[in-house]
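See below for structure34.cif, which holds mmCIF, C-alpha atoms.
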```cif
data_entry
#
loop_
_atom_site.label_atom_id
_atom_site.label_comp_id
_atom_site.auth_asym_id
_atom_site.auth_seq_id
_atom_site.Cartn_x
_atom_site.Cartn_y
_atom_site.Cartn_z
CA MET X 1 0.00 0.00 0.00
CA LEU X 2 1.42 3.38 -0.98
CA LYS X 3 1.95 5.90 1.79
CA VAL X 4 0.31 9.25 1.02
CA ILE X 5 2.60 12.23 1.47
CA LYS X 6 0.82 15.39 2.57
CA LYS X 7 1.40 18.44 0.44
CA PRO X 8 2.96 21.07 2.75
CA THR X 9 1.49 24.56 2.59
CA VAL X 10 5.00 25.98 3.13
CA SER X 11 8.43 25.11 1.74
CA GLY X 12 9.93 24.40 5.17
CA PHE X 13 10.51 25.85 8.62
CA ILE X 14 13.21 27.65 10.53
CA ASP X 15 13.13 25.95 13.94
CA ARG X 16 15.86 27.76 15.81
CA VAL X 17 18.16 30.76 15.48
CA SER X 18 20.64 31.49 18.25
CA GLU X 19 23.81 33.54 18.42
CA GLY X 20 25.81 30.73 16.85
CA VAL X 21 23.41 28.18 15.31
CA ILE X 22 20.54 27.91 12.84
CA SER X 23 18.42 24.82 12.20
CA GLY X 24 15.23 23.81 10.45
CA TRP X 25 13.96 21.70 7.56
CA SER X 26 12.98 22.03 3.91
CA LEU X 27 11.99 19.74 1.06
CA ALA X 28 14.43 21.65 -1.17
CA PRO X 29 17.88 20.07 -1.72
CA TYR X 30 19.53 23.03 0.01
CA VAL X 31 18.68 26.42 1.47
CA THR X 32 20.47 29.76 1.32
CA VAL X 33 20.98 31.70 4.57
CA LEU X 34 21.14 35.48 4.31
CA VAL X 35 22.08 37.78 7.19
CA ASN X 36 21.15 41.45 6.83
CA GLY X 37 20.50 40.93 3.13
CA ARG X 38 23.84 39.30 2.33
CA GLU X 39 24.37 35.62 1.62
CA ARG X 40 26.13 33.98 4.54
CA CYS X 41 26.08 30.28 3.61
CA ARG X 42 24.24 27.42 1.90
CA LEU X 43 23.09 24.42 3.92
CA PHE X 44 22.16 21.00 2.56
CA CYS X 45 18.80 19.59 3.70
CA ASP X 46 19.88 16.00 4.36
CA ARG X 47 19.68 15.54 8.14
CA GLN X 48 17.19 13.07 9.57
CA ARG X 49 14.00 14.68 10.91
CA ALA X 50 11.78 12.02 12.44
CA ASP X 51 9.09 14.60 13.27
CA VAL X 52 8.74 15.66 9.63
CA LYS X 53 8.60 12.03 8.53
CA LYS X 54 5.96 11.23 11.17
CA ALA X 55 3.89 14.21 10.05
CA GLY X 56 3.79 12.71 6.56
CA HIS X 57 5.68 15.47 4.73
CA SER X 58 8.62 13.25 3.70
CA LEU X 59 9.07 9.53 3.12
CA SER X 60 12.71 9.40 4.25
CA GLY X 61 12.75 12.29 6.72
CA ASN X 62 16.15 13.42 5.43
CA VAL X 63 15.15 17.07 5.12
CA GLY X 64 16.82 18.81 8.06
CA PHE X 65 19.52 21.49 7.91
CA TYR X 66 21.93 22.77 10.55
CA GLY X 67 24.66 25.40 10.40
CA SER X 68 26.86 27.77 12.36
CA LEU X 69 26.30 31.53 12.48
CA ALA X 70 27.82 34.46 14.33
CA LEU X 71 25.00 36.91 14.99
CA GLN X 72 24.68 40.25 16.74
CA HIS X 73 21.66 41.78 18.43
CA GLY X 74 19.28 43.10 15.75
CA ASP X 75 20.53 40.97 12.87
CA ILE X 76 17.91 39.72 10.40
CA VAL X 77 18.19 36.15 9.14
CA ARG X 78 16.40 35.06 5.99
CA VAL X 79 16.34 31.48 4.69
CA VAL X 80 15.12 30.77 1.16
CA THR X 81 14.94 27.79 -1.19
CA PRO X 82 16.89 27.72 -4.49
CA LYS X 83 13.81 29.31 -6.11
CA GLY X 84 13.87 32.17 -3.61
CA VAL X 85 10.82 31.02 -1.63
CA PRO X 86 11.13 31.99 2.06
CA LEU X 87 10.72 29.33 4.73
CA ARG X 88 8.17 29.75 7.50
CA HIS X 89 9.56 32.03 10.25
CA SER X 90 11.72 33.80 7.66
CA PRO X 91 12.75 36.54 8.23
CA TRP X 92 13.90 35.84 11.78
CA LEU X 93 14.98 38.78 13.93
CA TYR X 94 17.77 37.76 16.29
CA ARG X 95 17.56 39.38 19.71
CA HIS X 96 20.22 38.67 22.29
CA PRO X 97 18.50 37.20 25.38
CA LYS X 98 20.26 39.68 27.69
CA GLN X 99 19.31 42.77 25.69
CA SER X 100 16.09 44.70 25.28
CA ASP X 101 13.46 43.75 22.69
CA TRP X 102 13.69 47.36 21.50
CA LEU X 103 16.37 48.26 18.96
CA PRO X 104 18.19 51.63 19.03
CA ILE X 105 17.25 54.03 16.24
CA ALA X 106 20.96 54.48 15.44
CA ILE X 107 21.07 50.99 13.89
CA THR X 108 18.75 52.07 11.05
CA HIS X 109 21.47 54.19 9.40
CA GLN X 110 23.91 51.26 9.32
CA HIS X 111 21.53 48.46 8.39
CA ALA X 112 19.90 48.25 4.93
CA GLU X 113 17.06 46.08 6.26
CA TYR X 114 15.86 49.03 8.38
CA LYS X 115 15.88 51.69 5.68
CA ALA X 116 12.10 52.21 6.00
CA VAL X 117 12.50 53.29 9.63
CA ALA X 118 15.42 55.55 8.72
CA ALA X 119 13.17 57.32 6.19
CA LEU X 120 10.43 58.23 8.69
CA PRO X 121 9.21 61.87 8.65
CA ASP X 122 11.23 64.28 10.76
CA GLN X 123 8.28 65.04 13.06
CA PHE X 124 8.59 61.55 14.53
CA LEU X 125 11.32 61.70 17.14
CA VAL X 126 11.79 57.94 17.32
CA GLU X 127 14.01 56.71 20.14
CA ARG X 128 13.64 52.93 19.75
CA PHE X 129 11.71 50.53 17.54
CA LYS X 130 10.59 46.93 17.10
CA PRO X 131 10.51 45.60 13.50
CA LEU X 132 7.43 43.82 12.14
CA PHE X 133 7.77 41.56 9.13
CA GLY X 134 5.14 40.37 6.67
CA GLN X 135 5.13 37.28 4.45
CA SER X 136 6.19 39.14 1.31
CA ALA X 137 9.66 38.27 0.08
CA GLU X 138 9.86 41.55 -1.85
CA ARG X 139 9.46 43.99 1.01
CA GLN X 140 12.27 44.49 3.51
CA MET X 141 9.98 45.25 6.44
CA ALA X 142 6.19 45.47 6.65
CA GLY X 143 6.08 47.75 9.67
CA ALA X 144 7.48 48.63 13.07
CA VAL X 145 6.38 49.58 16.56
CA LEU X 146 7.90 52.98 17.32
CA ASN X 147 8.79 54.40 20.71
CA VAL X 148 8.26 58.09 20.01
CA ALA X 149 9.49 60.78 22.38
CA ASN X 150 6.84 62.20 24.74
CA GLN X 151 3.96 60.05 23.48
CA ALA X 152 2.56 56.53 23.52
CA PRO X 153 4.06 53.94 21.15
CA VAL X 154 2.62 53.80 17.62
CA MET X 155 2.68 51.19 14.88
CA ALA X 156 3.87 52.19 11.41
CA ARG X 157 3.04 50.33 8.19
CA PHE X 158 5.38 50.97 5.28
CA ASP X 159 5.01 50.90 1.49
CA VAL X 160 1.20 50.94 1.44
CA GLU X 161 -0.32 51.29 -2.01
CA PRO X 162 -2.36 54.56 -2.22
CA LYS X 163 -5.49 52.73 -3.43
CA ALA X 164 -5.14 50.20 -0.62
CA HIS X 165 -4.83 53.05 1.88
CA ALA X 166 -7.95 54.70 0.47
CA ASN X 167 -9.87 51.44 0.95
CA VAL X 168 -8.72 51.04 4.54
CA MET X 169 -9.39 54.70 5.35
CA GLN X 170 -12.91 54.39 3.95
CA LEU X 171 -13.62 51.30 6.05
CA TYR X 172 -12.33 52.97 9.21
CA GLU X 173 -14.37 56.13 8.65
CA LYS X 174 -17.64 54.41 7.75
CA VAL X 175 -17.56 51.13 9.71
CA ILE X 176 -14.72 50.36 12.10
CA THR X 177 -14.70 53.64 14.07
CA PRO X 178 -18.48 54.36 14.30
CA SER X 179 -19.33 50.69 15.00
CA ARG X 180 -16.46 50.31 17.50
CA ILE X 181 -15.02 47.25 15.81
CA ALA X 182 -12.05 45.97 17.81
CA ALA X 183 -9.17 47.24 15.67
CA PRO X 184 -6.16 49.53 16.31
CA PRO X 185 -7.19 53.18 15.60
CA LEU X 186 -5.77 54.67 12.40
CA LEU X 187 -4.04 57.86 13.58
CA ALA X 188 -2.50 59.38 10.46
CA ALA X 189 -1.06 58.71 7.01
CA PHE X 190 1.80 60.31 5.05
CA SER X 191 2.78 60.22 1.40
CA GLN X 192 6.24 58.82 0.67
CA GLU X 193 7.19 58.83 -3.01
CA ARG X 194 4.72 56.39 -4.64
CA HIS X 195 3.50 54.82 -1.40
CA MET X 196 1.80 55.71 1.86
CA LEU X 197 2.97 55.42 5.44
CA GLN X 198 0.16 54.51 7.85
CA MET X 199 0.29 55.19 11.59
CA PHE X 200 -1.87 53.15 13.98
CA ALA X 201 -2.20 53.24 17.74
CA PHE X 202 -0.08 50.47 19.21
CA GLN X 203 -2.13 47.42 20.15
CA PRO X 204 -0.61 45.29 22.93
CA GLY X 205 -0.85 41.52 22.84
CA ILE X 206 0.21 38.47 20.87
CA THR X 207 -1.28 36.89 17.77
CA LEU X 208 -3.86 34.15 18.13
CA ASN X 209 -1.37 31.86 16.40
CA GLU X 210 1.10 32.46 19.26
CA VAL X 211 -1.37 31.64 22.04
CA GLY X 212 -0.70 27.92 21.70
CA ASP X 213 -2.92 25.23 23.20
CA GLY X 214 -6.36 26.53 24.07
CA TRP X 215 -6.47 29.27 21.44
CA GLU X 216 -9.98 28.15 20.51
CA ALA X 217 -11.25 29.74 23.74
CA TRP X 218 -10.77 33.17 22.12
CA VAL X 219 -12.82 32.35 19.02
CA PRO X 220 -16.21 33.46 20.46
CA LEU X 221 -14.84 36.99 20.97
CA VAL X 222 -13.66 37.08 17.36
CA MET X 223 -16.99 35.74 16.11
CA SER X 224 -18.76 38.50 18.04
CA GLN X 225 -16.68 41.10 16.19
CA LEU X 226 -17.56 39.47 12.86
CA VAL X 227 -21.28 39.71 13.66
CA THR X 228 -20.89 43.43 14.47
CA LEU X 229 -18.97 43.91 11.22
CA GLN X 230 -21.66 42.15 9.21
CA GLN X 231 -24.45 44.20 10.80
CA ALA X 232 -22.60 47.45 10.08
CA GLY X 233 -21.99 46.27 6.53
CA VAL X 234 -25.71 45.97 5.86
CA ALA X 235 -26.32 49.61 6.78
CA ARG X 236 -23.30 50.92 4.86
CA ARG X 237 -23.49 48.77 1.74
CA SER X 238 -24.61 51.57 -0.57
CA THR X 239 -21.81 53.91 0.53
CA LEU X 240 -18.85 51.50 0.67
CA LYS X 241 -17.14 51.58 -2.72
CA ARG X 242 -13.94 49.58 -2.80
CA ARG X 243 -11.23 50.75 -5.22
CA SER X 244 -9.28 48.20 -7.24
CA SER X 245 -5.90 47.33 -5.71
CA ARG X 246 -3.52 44.40 -5.49
CA PHE X 247 -5.12 43.43 -2.17
CA LYS X 248 -7.95 41.14 -3.24
CA SER X 249 -9.68 38.66 -0.98
CA LEU X 250 -8.13 35.22 -0.85
CA LEU X 251 -11.48 33.92 -2.14
CA TYR X 252 -10.51 34.92 -5.68
CA LYS X 253 -7.61 32.46 -5.65
CA LEU X 254 -9.29 29.74 -3.62
CA LEU X 255 -11.77 28.30 -6.11
CA PRO X 256 -9.36 28.17 -9.11
CA SER X 257 -6.65 26.66 -6.87
CA VAL X 258 -8.95 23.89 -5.60
CA PHE X 259 -10.17 23.11 -9.12
CA ALA X 260 -6.58 22.86 -10.38
CA GLN X 261 -5.65 20.67 -7.43
CA THR X 262 -8.61 18.38 -8.11
CA LEU X 263 -7.48 17.91 -11.71
CA ARG X 264 -3.86 17.25 -10.66
CA GLU X 265 -5.01 14.55 -8.26
CA GLY X 266 -7.17 12.90 -10.94
CA GLY X 267 -10.48 13.84 -9.38
CA SER X 268 -13.37 11.47 -10.01
CA LYS X 269 -16.71 12.48 -11.53
CA LEU X 270 -18.20 12.56 -8.02
CA GLU X 271 -15.48 14.90 -6.77
CA LEU X 272 -15.78 17.26 -9.74
CA THR X 273 -19.58 17.26 -9.46
CA PHE X 274 -19.37 18.14 -5.77
CA PHE X 275 -16.91 20.94 -6.50
CA ILE X 276 -19.37 22.43 -9.02
CA PHE X 277 -22.09 22.10 -6.39
CA LEU X 278 -19.93 24.04 -3.89
CA MET X 279 -19.41 26.81 -6.44
CA ARG X 280 -23.17 27.09 -6.78
CA VAL X 281 -23.61 27.19 -3.00
CA THR X 282 -21.07 30.01 -2.63
CA THR X 283 -23.07 32.13 -5.08
CA ARG X 284 -26.26 31.57 -3.05
CA LEU X 285 -24.78 32.32 0.36
CA PRO X 286 -25.50 35.85 1.67
CA ARG X 287 -22.69 38.32 0.92
CA VAL X 288 -21.60 40.10 4.08
CA LEU X 289 -18.95 42.66 4.94
CA SER X 290 -15.86 40.57 5.70
CA HIS X 291 -12.29 41.03 6.85
CA GLY X 292 -11.13 38.91 3.91
CA ASP X 293 -7.77 37.85 5.38
CA LEU X 294 -8.68 36.65 8.85
CA HIS X 295 -5.97 34.08 9.49
CA ARG X 296 -4.83 33.71 13.09
CA ASN X 297 -1.83 36.02 12.70
CA ASN X 298 -4.26 38.87 12.01
CA VAL X 299 -5.96 38.50 15.40
CA LEU X 300 -4.24 40.09 18.40
CA ILE X 301 -4.97 38.83 21.90
CA ASP X 302 -4.51 40.98 25.02
CA THR X 303 -4.53 38.32 27.71
CA GLN X 304 -4.42 40.86 30.54
CA GLN X 305 -7.45 42.84 29.36
CA GLN X 306 -9.18 39.74 27.91
CA GLN X 307 -9.66 41.53 24.60
CA VAL X 308 -9.15 40.80 20.91
CA ALA X 309 -8.28 43.11 18.03
CA LEU X 310 -8.41 42.48 14.28
CA ILE X 311 -5.58 43.93 12.18
CA ASP X 312 -4.57 44.22 8.49
CA TRP X 313 -7.86 45.20 6.86
CA ASP X 314 -6.46 45.61 3.32
CA ARG X 315 -8.56 42.74 1.88
CA TRP X 316 -11.99 43.70 3.23
CA ALA X 317 -14.86 43.01 0.85
CA TYR X 318 -18.43 41.72 0.67
CA LEU X 319 -17.85 37.96 0.65
CA PRO X 320 -19.97 34.82 1.14
CA LEU X 321 -20.98 34.26 4.75
CA GLY X 322 -18.67 31.80 6.48
CA PHE X 323 -15.46 32.65 4.61
CA ASP X 324 -13.91 34.62 7.50
CA ALA X 325 -14.82 31.93 10.02
CA ALA X 326 -13.38 29.11 7.90
CA LEU X 327 -10.12 30.99 7.33
CA LEU X 328 -9.81 31.73 11.05
CA LEU X 329 -10.40 28.05 11.95
CA ARG X 330 -8.39 26.61 9.06
CA GLY X 331 -6.66 23.37 10.03
CA LEU X 332 -9.24 22.25 12.60
CA PRO X 333 -11.44 19.17 11.98
CA TRP X 334 -14.74 20.13 10.40
CA THR X 335 -16.66 19.01 13.49
CA ALA X 336 -14.72 21.57 15.56
CA VAL X 337 -15.37 24.26 12.93
CA GLU X 338 -19.12 23.61 13.12
CA THR X 339 -19.00 23.79 16.91
CA LEU X 340 -17.10 27.10 16.97
CA ALA X 341 -18.97 28.79 14.13
CA GLU X 342 -22.07 30.86 14.79
CA LYS X 343 -25.16 28.65 15.12
CA ARG X 344 -27.20 30.07 12.23
CA VAL X 345 -27.70 27.52 9.46
CA GLU X 346 -26.33 29.77 6.73
CA GLN X 347 -23.25 30.59 8.83
CA GLN X 348 -22.49 26.93 9.51
CA LEU X 349 -23.09 26.00 5.88
CA GLY X 350 -20.70 28.69 4.67
CA ALA X 351 -18.03 27.80 7.24
CA LEU X 352 -18.14 24.11 6.28
CA VAL X 353 -18.14 24.80 2.54
CA PHE X 354 -14.95 26.84 2.82
CA THR X 355 -13.45 24.41 5.32
CA TYR X 356 -13.89 21.68 2.70
CA LEU X 357 -12.17 23.82 0.08
CA PHE X 358 -9.26 24.70 2.38
CA GLN X 359 -8.83 21.04 3.28
CA CYS X 360 -8.57 20.17 -0.41
CA LEU X 361 -5.53 22.45 -0.59
CA ASP X 362 -3.97 21.48 2.75
CA VAL X 363 -4.34 17.68 2.70
CA ALA X 364 -3.26 15.50 -0.21
CA TYR X 365 -6.14 13.51 -1.75
CA PHE X 366 -8.51 14.88 0.88
CA MET X 367 -11.56 14.36 -1.36
CA ARG X 368 -11.02 10.59 -1.25
CA SER X 369 -10.86 10.40 2.55
CA GLU X 370 -13.57 9.21 4.93
CA GLU X 371 -13.52 12.62 6.60
CA ALA X 372 -14.34 14.26 3.29
CA ALA X 373 -17.26 11.88 2.73
CA GLN X 374 -18.69 12.76 6.15
CA LEU X 375 -18.22 16.46 5.52
CA ARG X 376 -19.94 16.24 2.14
CA ALA X 377 -22.93 14.56 3.78
CA ARG X 378 -23.11 17.28 6.44
CA ILE X 379 -22.91 20.04 3.81
CA TYR X 380 -25.79 18.46 1.86
CA THR X 381 -27.88 18.30 5.06
CA LEU X 382 -27.22 21.96 5.93
CA TYR X 383 -27.94 23.02 2.36
CA LYS X 384 -31.38 21.38 2.49
CA GLN X 385 -32.12 23.31 5.70
CA PHE X 386 -30.71 26.47 4.14
CA LYS X 387 -33.14 26.26 1.18
CA MET X 388 -36.10 26.06 3.55
CA TYR X 389 -35.56 29.68 4.66
CA PRO X 390 -37.41 31.98 2.23
CA GLY X 391 -35.31 34.74 0.71
CA ILE X 392 -31.92 33.50 1.93
CA GLY X 393 -29.28 33.35 -0.76
CA LYS X 394 -31.59 34.61 -3.50
#
```
Taking this structure as input, can you express it in the form of structure tokens?
Amino acid sequence: MLKVIKKPTVSGFIDRVSEGVISGWSLAPYVTVLVNGRERCRLFCDRQRADVKKAGHSLSGNVGFYGSLALQHGDIVRVVTPKGVPLRHSPWLYRHPKQSDWLPIAITHQHAEYKAVAALPDQFLVERFKPLFGQSAERQMAGAVLNVANQAPVMARFDVEPKAHANVMQLYEKVITPSRIAAPPLLAAFSQERHMLQMFAFQPGITLNEVGDGWEAWVPLVMSQLVTLQQAGVARRSTLKRRSSRFKSLLYKLLPSVFAQTLREGGSKLELTFFIFLMRVTTRLPRVLSHGDLHRNNVLIDTQQQQVALIDWDRWAYLPLGFDAALLLRGLPWTAVETLAEKRVEQQLGALVFTYLFQCLDVAYFMRSEEAAQLRARIYTLYKQFKMYPGIGK
């Protein structure tokens, strides 16, 4: 019997970066390690990793890498495959355990990775900063928390497309601020060449992804914010006009990606028929104002105040009900998704439809599994109930 290898959603992981050592794994034959933008070394991925083998990502498990480094406080380590694809946790900011999490502003004039901070407007008397990195391999730094003289810390976002800024500003003015959606206040924005610099109030906390075991306990607070967002979206639908920008909802890539994956895996007539059925369901689900990119790294948790905050609103749009919930709960079994989703039939139907689609991308040959068969049956049941409500989805 052939062993099924799961298709990883990333090209590998950086597990550890210390002052003298880096380690991790990748399915690539080797990885390139860059420190502060300059190539430091290449490491072969041939060490045994029993955990990766057990997880089903590799038959042999010989995918680990290990190397020596000499790092200083504030150095940025990037690890990429031969095709330039960054590994998960890349970039990695090295902080010496005996030094402050804050970096001195003086380092920005000596370090190319921090050029965005060095170019801040003169009115910001920044004393210290904490870098924030996004997933884009093109941008040096997505943002930073700034310790500004004589005022509370602020969060800066760099290189924001003007159209994307206009969309976010519109949402803040018409929905987030008046409806008191839990999100960091947008304080100001500045033009910088062809891009915008956004300033937000600093939001304390950690991401939902960093909470660890028990993170599901915070989901009801997030779901409550989604309900408020949806209700505000109904009242503001005629006035919210989104401008075209490169920040589109992940929904626009999801359906074509699943269809292509189904064809690559030799999908049966039943699987293709069900996929077409899901496309029809998504068109009948109510369209509600949605975050559009609500993965767990875009939810901040303040454990002391027992509060949540939603960040990175660039992809907001009117999307099928359940998309935000499914993205937030991505990776959980569908039974857990149904339990955590709001109890309305249309909400549970939407959450399970998109959970099915995400699973098709995340798990190899998912459509042929017993879990998929059970989920298909549950979706059919919810859809029958959904059609009984007059006016819904029409």
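Distance annotation: of X:Leu132, X:Met388, X:Val345, X:Ile176, the residue with the minimal separation from Gly233 in chain X is X:Ile176; atom set is all atoms listed in the file.
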- Gly205 in chain X environment, 12 Å, all atoms listed in the file, sequence neighbours closer than 5 positions dropped, as a ChimeraX atom specification: /X:184,210-211,297-311
- Tell me which protein, DNA and RNA residues are within 6 Å of Val154 in chain X, counting only C-alpha atoms, leaving out same-chain ones fewer than 4 positions away, and put them as JSON, numbers by chain. {"X": [145, 146, 200, 201, 202]}
Residue neighbourhood Gln123 in chain X, 12 Å, only C-alpha atoms, exclusion window fewer than 4 positions, as a JSON list (two decimals) with C-alpha atoms, keeping the file's coordinate frame:
```json
[["chain", "number", "residue", "atom", "x", "y", "z"],
["X", 119, "ALA", "CA", 13.17, 57.32, 6.19],
["X", 148, "VAL", "CA", 8.26, 58.09, 20.01],
["X", 149, "ALA", "CA", 9.49, 60.78, 22.38],
["X", 190, "PHE", "CA", 1.80, 60.31, 5.05]]
```
- Message: I need the residue nearest Ser60 in chain X from this list: X:Arg237, X:Arg47, X:Arg157, X:Lys174. Use only C-alpha atoms for the distance.
- Response: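 Among the listed residues, X:Arg47 lies closest to Ser60 in chain X.
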